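> I have a structure I would like to understand better, so I am pasting it below and will then ask my questions one at a time.
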Amino acid sequence: MVPYLQVQNLTRYVGDRTLFRDISFGIAQGQKVGLIAKNGTGKSTLLNILAGKDSADEGQVVFHRSLRVGYLEQTPHLPSDLTVIEACFWHGNETTNLIREYEQCMATPGTPRLQEMLDRMDHQKAWDYETRCKAILSKLSISEFDKPIGQLSGGQMKRVALANVLITEPDLLILDEPTNHLDLSMIEWLENHLRRGNTTLLMVTHDRYFLDRVCNLILEMDEETIYTYRGNYAYFLEKREERLNVERSEINRANNLYRTELDWMRRMPQARGHKARYREEAFYELEQQAKRRIEEQQVRLEMKSSYIGSKIFEAQYVSKSFPTGPIDAPTGKRIILKDFYYNFSRFEKMGIVGDNGTGKSTFVKMLLGEVHPDSGRFVVGETVRFGYFSQEGIQFDEQMKVIDAVRRVAEYVDLGGGRHLSAMQFLQHFMFTPLQQQNYIYKLSGGEKRRLYLCTVLMQNPNFLVLDEPTNDLDIVTLQILEQYLQDFRGCVIVISHDRYFMDRVVDHLLVFRGEGVVKDFPGNYSQFREWEALEEKASAKPKDKAPSSSGHIAARNDGSERPRRMTFKERREYEQLEADIERLEEEKRKIESALSSGQLSVQEITEMSKRLPQVNDELDEKSMRWLELSELE
């Protein structure tokens with residue numbers, strides 16, 4: 001493979017802190033590399049150095065000659081006076097520069113070098129550049145091509161910047177959190193787009209399914225150095241655990257030897273003069289190794305939540321719409337909910353998914369009373385105590401220290417059973433070391449600020465957590481802690497998230513917002529929903545005598561019309577299992593009948609098989625009858 005990038009002995013300091021020291025790695029053509037590290041360890045800084053937007057204190061970065069590099073920043077910036085389509089031409093890449101040359105050539109009297117320009121336009125496939133721009137923008141739900149950049153939200157701007165990078169088809173793609181601000185369908189499209197072909201990729205993302213399905217090499221930044229794992233995310237997890245086990249063993253051995261050497265240093269001061277100088281130097285090296293700590297968050301944070309009664313909330317025929325916006329409904333309004341009814345159960349853990357702009361955040365804001373419905377109402381139980389983690393976050397006083405910001409919320413956290421955690425101890429559960437707790441907030445990375453915000457929400461002991469995009473900018477270790485916390489949480493949870501792995505781990509029920517007021521109620525996690533959806537699409541693709549019935553949404557009022565019932569997700573799985581069981585039982589029946597007619601069995605074998613045969617027949621009859629019942633729903 002052709003080496004595209006070589007990083008050699010790279011070191012970067014921030015003040016008196018070392019982000020990474022003497023790290024070296026390479027990326028070859030066709031490799032898809034995921035970079036994993038905790039928040040604040042320098043992931044974005046490293047990508048900025050590779051993209052030439054920042055510089056290292058030591059070391060060098062070497063690219064293959066004439067390599068075209070595309071870079072998506074974590075927070076991109078585009079000129080506010082450009083339109084969306086103009087922004088696609090604004091970045092100075094080879095294709096856009098060629099288009100400008102061609103336009104200048106056509107505007108020059110006599111059109112000098114016209115044939116050369118035509119040949120280059122053909123070779124560069126520049127004629128359909130704008131068409132390709134619009135196609136990718138449409139995949140990312142950007143349809144207003146003449147809209148000024150200054151009128152876009154932060155998420156829309158990130159998607160325009162992502163489209164700019166993908167359109168140019170560079171030799172090496174460097175992506176910083178590409179899945180942020182994408183809905184689930186966009187993430188799946190991007191996943192398939194990057195998996196195709198021979199794209200060379202280096203990216204930072206917290207989306208573990210994305211890492212597992214796209215990447216074939218993982219780089220882990222830890223303790224100021226870098227480790228390489230030649231496989232996907234699942235392989236990385238396995239090999240990382242092996243590495244940590246080896247390091248733990250080495251530290252234990254070093255500790256045992258350290259105690260021996262420490263005793264020697266204390267008993268024999270005269271030996272530290274000249275002849276044993278080598279041993280003294282080796283002692284200090286050994287001391288450093290013995291005092292190493294492998295910080296792993298294995299603690300389950302079981303916290304007391306305030307009592308919650310049986311009455312949680314009831315959405316009573318809620319309707320909500322906005323004047324025509326990005327999503328144009330036939331009525332000229334963007335419909336969020338229409339006569340929506342739902343009765344939320346005690347201890348329910350619900351996920352909310354859907355395309356951007358379908359009203360997911362508006363729904364939770366109506367539940368919390370921040371937005372008022374057009375009609376209908378939310379009736380919330382008296383014992384419900386919300387904890388809300390908003391997509392926008394909160395504005396901290398940047399001049400405050402981390403520990404002071406948390407102590408403003410509470411000095412102690414009640415764990416129940418008379419147990420308490422101080423604010424400092426609680427922060428340590430979320431990987432803020434005592435030293436980091438004394439840092440000023442303005443020194444924190446974006447991910448660390450999100451983690452701090454999460455701490456301030458959780459430590460208030462709510463009994464109903466509403467989390468709107470909690471996974472944005474959080475590292476994988478923090479996500480694992482949050483997942484464990486939510487699994488142990490003794491209360492209700494609503495989660496809006498585009499992180500498929502997170503949703504699979506946390507929720508057991510989905511509301512799927514399809515747009516124009518249509519909401520699908522699905523009993524299962526996200527992966528189960530996608531399986532069900534794939535089966536529905538497959539079934540609807542088959543030619544039928546009757547038109548398939550539409551899958552309804554949650555509706556409070558029945559219009560009285562009868563619809564043919566379709567298989568549920570569980571019935572579909574049962575139907576498939578029955579087919580396999582029937583085939584197995586028929587095979588067993590054939591073998592028994594063949595053996596009984598062979599005349600080669602002992603008396604004991606004949607007796608056992610004679611008993612088994614009617615049992616097989618009974619099972620076959622029972623399963624065949626059930627299969628026939630379900631087949632009528634096909």
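Residue names in the structure tokens use chain letters A, B, ... in the order shown, residue numbers from 1 in each chain, and ligand numbers from 1 in the order shown.
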Show me, as a ChimeraX atom specification, the residues that have an atom within 8 Å of range 4-7 of chain A when counting only C-alpha atoms, minus same-chain residues fewer than 5 positions from it.
/A:23-29,59-64,67,172
> Can you pull out the residues contacting range 507-510 of chain A? Cut-off 9 Å, using only C-alpha atoms, and skip same-chain residues under 3 positions away; I want them as a PyMOL selection string.
chain A and resi 348-353+487+493-495+502-504+520-526+529
> Rank nothing, just name the residue among A:Gln615, A:Asn472, A:Gln31, A:Asn164 nearest to Asn232 in chain A, using only C-alpha atoms.
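Of A:Gln615, A:Asn472, A:Gln31, A:Asn164, the one nearest Asn232 in chain A, counting only C-alpha atoms, is A:Gln31.
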> Between CA of Glu177 in chain A and CA of Pro434 in chain A, measure the distance and give it in Å to one decimal.
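It comes out at 28.3 Å.
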> Write out as an MDAnalysis selection string each polymer residue whose atoms come within 12 Å of His498 in chain A, counting only C-alpha atoms; drop sequence neighbours fewer than 4 positions from it.
chainID A and resid 179:188 206:210 351:356 360 467:472 502:504 526
> What's the 10 Å shell around Tyr102 in chain A, counting only C-alpha atoms, without same-chain residues fewer than 2 positions away, as a ChimeraX atom specification?
/A:96-100,104-108,111,113-114,116-118,120-121
> Could you save those same residues with C-alpha atoms as a JSON list (two decimals), in the first residue's frame?

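So the final result, stored in again27.json, reads:
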[["chain", "number", "residue", "atom", "x", "y", "z"],
["A", 96, "THR", "CA", -13.26, 24.76, -7.99],
["A", 97, "ASN", "CA", -9.99, 26.44, -8.96],
["A", 98, "LEU", "CA", -10.24, 24.79, -12.39],
["A", 99, "ILE", "CA", -13.84, 26.01, -12.80],
["A", 100, "ARG", "CA", -12.69, 29.57, -12.00],
["A", 104, "GLN", "CA", -11.89, 33.47, -16.72],
["A", 105, "CYS", "CA", -10.85, 31.86, -20.01],
["A", 106, "MET", "CA", -14.39, 32.21, -21.42],
["A", 107, "ALA", "CA", -14.53, 35.86, -20.30],
["A", 108, "THR", "CA", -11.21, 36.69, -22.00],
["A", 111, "THR", "CA", -10.59, 32.48, -25.22],
["A", 113, "ARG", "CA", -5.98, 28.00, -24.02],
["A", 114, "LEU", "CA", -9.62, 26.98, -24.49],
["A", 116, "GLU", "CA", -6.52, 22.85, -22.82],
["A", 117, "MET", "CA", -9.20, 24.04, -20.41],
["A", 118, "LEU", "CA", -11.83, 21.79, -22.02],
["A", 120, "ARG", "CA", -8.81, 19.52, -18.08],
["A", 121, "MET", "CA", -12.52, 20.01, -17.33]]
> Counting only C-alpha atoms, which of A:Glu250, A:Ser143, A:Gly70, A:Lys449 gets nearest to Val165 in chain A?
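For Val165 in chain A, the nearest of the candidates is A:Gly70.
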> Taking only C-alpha atoms into account, which of A:Leu486, A:Ala534, A:Met157, A:Met400 comes nearest Asn439 in chain A?
A:Met400
